[in-house]
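A quick write-up on the structure given underneath.
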Amino acid sequence: MPEPLAGARELVDDLVGDRAAEWDRNGLIPDDVLRTLAARGLLCAGVPETFGGLAASSAANGEFTAHVGSRCSSLRSVMTSQGMAAWTIQRLGSPQQHAQYLPKLAGGRLAAVAFSEPEAGSDLSAMTTTIEPDGDTVVVRGQKVWTTAAHYADLIVVVGRHGSGAAAVVVPVSTPGVTVRRVPRPSGCRAAGHADVHLDDVRLPATAVLGGGQPLMLLVTSALAYGRLSVAWGCVGILRACLDAARGHARVRRQFGKPLAEHQLVGRHLANLLTSEQIATRVCEHASRCWDSGSPDMVVAGVLAKQVSAVQAAQGAAAAVQVLGSAAAHEGHVVERAYRDAKLMELIEGSTEICQLILADHAVSMPA
Ligand code: FAD
């Protein structure tokens, strides 16, 4: 059987080239880059073949995500959003909805997922967006913030209150009442198309509603499971880019008559970076194995992978800046971008603290 992601890394290398810093500076990934990858199904490679997808395993998609993350965290962020949108539709949608939406996402349309609101960040139970049934339609009202990739998206999967529970709804951005406003100059992943989304009496067919009536936090956990693992693999990519840049620099830059790498305190930074990369890789591999085998540990393993990898990436990127010195102080340097991008990974998809709270609950409830 042909490997579903054969040639994907080479395509990404061709498309990104040395342009990631320019995209970061301009805050934009060119449309043709996103559309080329989306049309090949590479932004949501786990979609089953029945729906035109590549049916990549989590392990294979994870390694691919790390590769994209090592080249451009903004592009990897768009990929995480697309994959999370597809996963949410797969998890919550009916067979008709799978057939309606998944081929679009695997075939070139771009999507984002909106949970966060001005007053609902870590505490998504404070969400106030409503998806109100009205005959054979629904009306969506609310405001979402920081939606990654919303600037590029054709469709936004919006999570909101629905009856006594919650639902997600697939909102085409061209629907009257939808306004997408870019977040100006974010500190990292600057080309990921983060935007606030205003939903003013947005009327959609009732068939656009996914998973109506579920408990809100159950729905959120299920949608975020994909996003957390994807971000975790993205952090592996950040660490690999930092390790490459730091060891390359330490070999050739000479101070006090010898290469930096031969100064033991610099060597310690390199050792720590390698350790971080290995820890993050192993914990992501474990989570992807759980995902691919359908293990009941899949959700917790994803939270663990996200928590560990984001912390390691933030620490590892800081160590890489230290090794490069002023070379990493130039805006757009791979390590300078990594430093800004990695810190944001500690905030999103459940911040480090929120992941720790989930892991603490899990630890307490584990059988003796
Ligand atoms: P707050 O919830 O206000 O938290 C601030 C700090 O307090 C954090 O350190 C947090 O960990 C800590 N804290 C909060 N509660 C507790 C607690 N109980 N115990 C201990 N510490 C606590 N949202 C989307 O819906 N879709 C997206 O695609 C998306 N992409 C994003 C991309 C980026 C780059 C960023 C920055 C944000 C994105 N978000 C997105 C929003 C993101 O999910 C939230 O920023 C995140 O959930 C944290 O919420 P907050 O920023 O409001 O921080």
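Each chain in the structure tokens gets a letter, A, B and so on, in the order shown; residues start at 1 in every chain, and ligands are counted from 1 in the order they appear.
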Worksheet entry | Those of stretch 43-281 of chain A in DSSP helix (DSSP H, G or I), formatted as a ChimeraX atom specification | /A:43-44,49-51,58-71,73-92,95-106,124-126,206-208,216-252,260-262,264-281
Worksheet entry | Contacts with ligand 1 at most 9 Å, only C-alpha atoms and all ligand atoms counted, listed as a ChimeraX atom specification | /A:77-78,80-81,112-124,144-150,158-159,186-190,192,194-195,227,341,344-357
Would you pick out the contacts of stretch 293-310 of chain A at 7 Å or less, using only C-alpha atoms, so that residues sharing its chain but fewer than 4 positions from it are not included, and give the list as a CSV table (one decimal) with all heavy atoms, in the first residue's frame?
```csv
chain,number,residue,atom,x,y,z
A,225,ALA,N,-9.2,17.3,21.7
A,225,ALA,CA,-8.3,16.1,21.7
A,225,ALA,C,-7.4,16.1,20.5
A,225,ALA,O,-6.2,16.0,20.7
A,225,ALA,CB,-9.1,14.8,21.8
A,228,ARG,N,-4.9,19.3,20.7
A,228,ARG,CA,-3.8,19.2,21.7
A,228,ARG,C,-2.7,18.4,21.1
A,228,ARG,O,-1.5,18.7,21.3
A,228,ARG,CB,-4.3,18.6,23.0
A,228,ARG,CG,-5.2,19.6,23.7
A,228,ARG,CD,-5.8,19.1,25.0
A,228,ARG,NE,-6.4,20.2,25.7
A,228,ARG,CZ,-7.5,20.1,26.5
A,228,ARG,NH1,-8.1,18.9,26.6
A,228,ARG,NH2,-8.0,21.2,27.1
A,229,LEU,N,-3.0,17.2,20.5
A,229,LEU,CA,-2.0,16.4,20.0
A,229,LEU,C,-1.2,17.0,18.8
A,229,LEU,O,0.0,16.9,18.7
A,229,LEU,CB,-2.6,15.0,19.6
A,229,LEU,CG,-1.6,13.9,19.2
A,229,LEU,CD1,-0.4,13.8,20.1
A,229,LEU,CD2,-2.3,12.6,19.1
A,231,VAL,N,-0.8,20.3,18.3
A,231,VAL,CA,0.1,21.3,18.9
A,231,VAL,C,1.3,20.7,19.5
A,231,VAL,O,2.4,21.2,19.3
A,231,VAL,CB,-0.7,22.2,19.9
A,231,VAL,CG1,0.3,23.0,20.7
A,231,VAL,CG2,-1.7,23.1,19.2
A,232,ALA,N,1.1,19.6,20.1
A,232,ALA,CA,2.2,18.9,20.8
A,232,ALA,C,3.3,18.5,19.7
A,232,ALA,O,4.5,18.7,19.9
A,232,ALA,CB,1.7,17.6,21.5
A,235,CYS,N,5.2,21.4,18.5
A,235,CYS,CA,6.3,21.7,19.5
A,235,CYS,C,7.5,20.9,19.3
A,235,CYS,O,8.6,21.4,19.4
A,235,CYS,CB,5.8,21.6,20.9
A,235,CYS,SG,4.6,22.8,21.4
A,236,VAL,N,7.3,19.6,18.9
A,236,VAL,CA,8.5,18.8,18.5
A,236,VAL,C,9.2,19.4,17.4
A,236,VAL,O,10.4,19.5,17.3
A,236,VAL,CB,8.0,17.3,18.2
A,236,VAL,CG1,9.1,16.5,17.5
A,236,VAL,CG2,7.4,16.6,19.4
A,280,ALA,N,9.9,15.3,24.2
A,280,ALA,CA,8.6,15.7,23.5
A,280,ALA,C,8.3,14.7,22.5
A,280,ALA,O,7.1,14.3,22.3
A,280,ALA,CB,8.8,17.1,22.9
A,283,VAL,N,6.8,11.4,24.1
A,283,VAL,CA,5.4,11.6,24.7
A,283,VAL,C,4.4,11.8,23.6
A,283,VAL,O,3.3,11.3,23.7
A,283,VAL,CB,5.4,12.7,25.8
A,283,VAL,CG1,5.4,14.1,25.2
A,283,VAL,CG2,4.3,12.6,26.8
A,284,CYS,N,4.8,12.4,22.5
A,284,CYS,CA,3.9,12.5,21.3
A,284,CYS,C,3.7,11.1,20.7
A,284,CYS,O,2.6,10.8,20.3
A,284,CYS,CB,4.4,13.5,20.3
A,284,CYS,SG,4.2,15.2,20.8
A,287,ALA,N,1.2,9.2,22.7
A,287,ALA,CA,-0.2,9.7,22.5
A,287,ALA,C,-0.7,9.3,21.1
A,287,ALA,O,-1.9,8.9,21.0
A,287,ALA,CB,-0.2,11.2,22.6
A,289,ARG,N,0.2,6.6,19.5
A,289,ARG,CA,0.0,5.2,19.5
A,289,ARG,C,-1.4,4.9,20.2
A,289,ARG,O,-2.2,4.1,19.8
A,289,ARG,CB,1.1,4.4,20.3
A,289,ARG,CG,2.2,3.9,19.5
A,289,ARG,CD,3.0,2.8,20.2
A,289,ARG,NE,3.6,3.4,21.5
A,289,ARG,CZ,4.7,4.1,21.6
A,289,ARG,NH1,5.4,4.4,20.5
A,289,ARG,NH2,5.1,4.5,22.7
A,314,ALA,N,9.1,25.7,25.0
A,314,ALA,CA,9.4,27.1,25.5
A,314,ALA,C,10.7,27.1,26.1
A,314,ALA,O,11.5,28.1,25.9
A,314,ALA,CB,8.3,27.5,26.5
A,342,ALA,N,6.9,29.5,20.5
A,342,ALA,CA,6.8,28.4,21.5
A,342,ALA,C,6.1,28.9,22.8
A,342,ALA,O,5.3,28.1,23.4
A,342,ALA,CB,8.2,27.9,21.9
A,345,MET,N,2.5,28.4,22.6
A,345,MET,CA,2.0,27.0,22.7
A,345,MET,C,1.7,26.6,24.2
A,345,MET,O,0.9,25.7,24.4
A,345,MET,CB,3.0,26.0,22.2
A,345,MET,CG,3.3,26.3,20.7
A,345,MET,SD,1.8,26.3,19.7
A,345,MET,CE,1.7,28.0,19.2
A,346,GLU,N,2.2,27.4,25.1
A,346,GLU,CA,1.9,27.2,26.6
A,346,GLU,C,0.5,27.8,26.9
A,346,GLU,O,0.1,27.5,28.0
A,346,GLU,CB,3.0,27.8,27.4
A,346,GLU,CG,4.2,26.9,27.5
A,346,GLU,CD,4.9,27.1,28.9
A,346,GLU,OE1,4.5,26.5,29.9
A,346,GLU,OE2,5.8,27.9,28.9
A,352,THR,N,-0.8,25.5,30.0
A,352,THR,CA,0.0,24.6,30.8
A,352,THR,C,-0.7,24.3,32.2
A,352,THR,O,-0.8,23.2,32.6
A,352,THR,CB,1.4,25.2,31.1
A,352,THR,OG1,2.1,25.2,29.8
A,352,THR,CG2,2.2,24.4,32.1
A,355,CYS,N,-3.9,22.2,31.6
A,355,CYS,CA,-3.5,20.8,31.4
A,355,CYS,C,-3.0,20.1,32.7
A,355,CYS,O,-3.3,18.9,32.9
A,355,CYS,CB,-2.3,20.7,30.3
A,355,CYS,SG,-2.9,21.1,28.7
```
Practice prompt. Name the closest residue to A:Arg40 among the candidates A:Gly267, A:Gly165, A:Gly257, A:Gly7; distances are taken between atoms, counting only C-alpha atoms.
Written response: A:Gly7
Worksheet item: stretch 154-325 of chain A: which residues are strand (DSSP E or B) by DSSP, as a count of residues only?
Response: 42
Worksheet entry | Proximity to A:Ala250 - best of A:Gly213, A:Pro205, A:Gly177, A:Gly325, only C-alpha atoms |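 Looking only at the distances to A:Ala250, the closest residue turns out to be A:Gly325.
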Worksheet entry | For atom CA of A:Val334 and atom CA of A:Glu262, the interatomic separation in Å (one decimal) | 23.0 Å
Worksheet item: Restricting the calculation to only C-alpha atoms, which member of A:Val173, A:Val140, A:Cys44, A:Leu274 is positioned closest to A:Gly316?
Response: A:Leu274
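Counting only C-alpha atoms and comparing A:Ala56, A:Ala313, A:Ala320, A:Ala126, the residue that lies closest to A:Asp292 is A:Ala56.
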Discussion item. Show me, as a list in words, the residues that have an atom within 7 Å of A:Phe51 when counting only C-alpha atoms, minus same-chain residues fewer than 4 positions from it.
Written reply: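 Everything that qualifies: Val47, Ala99, Leu102 and Pro103 of chain A.
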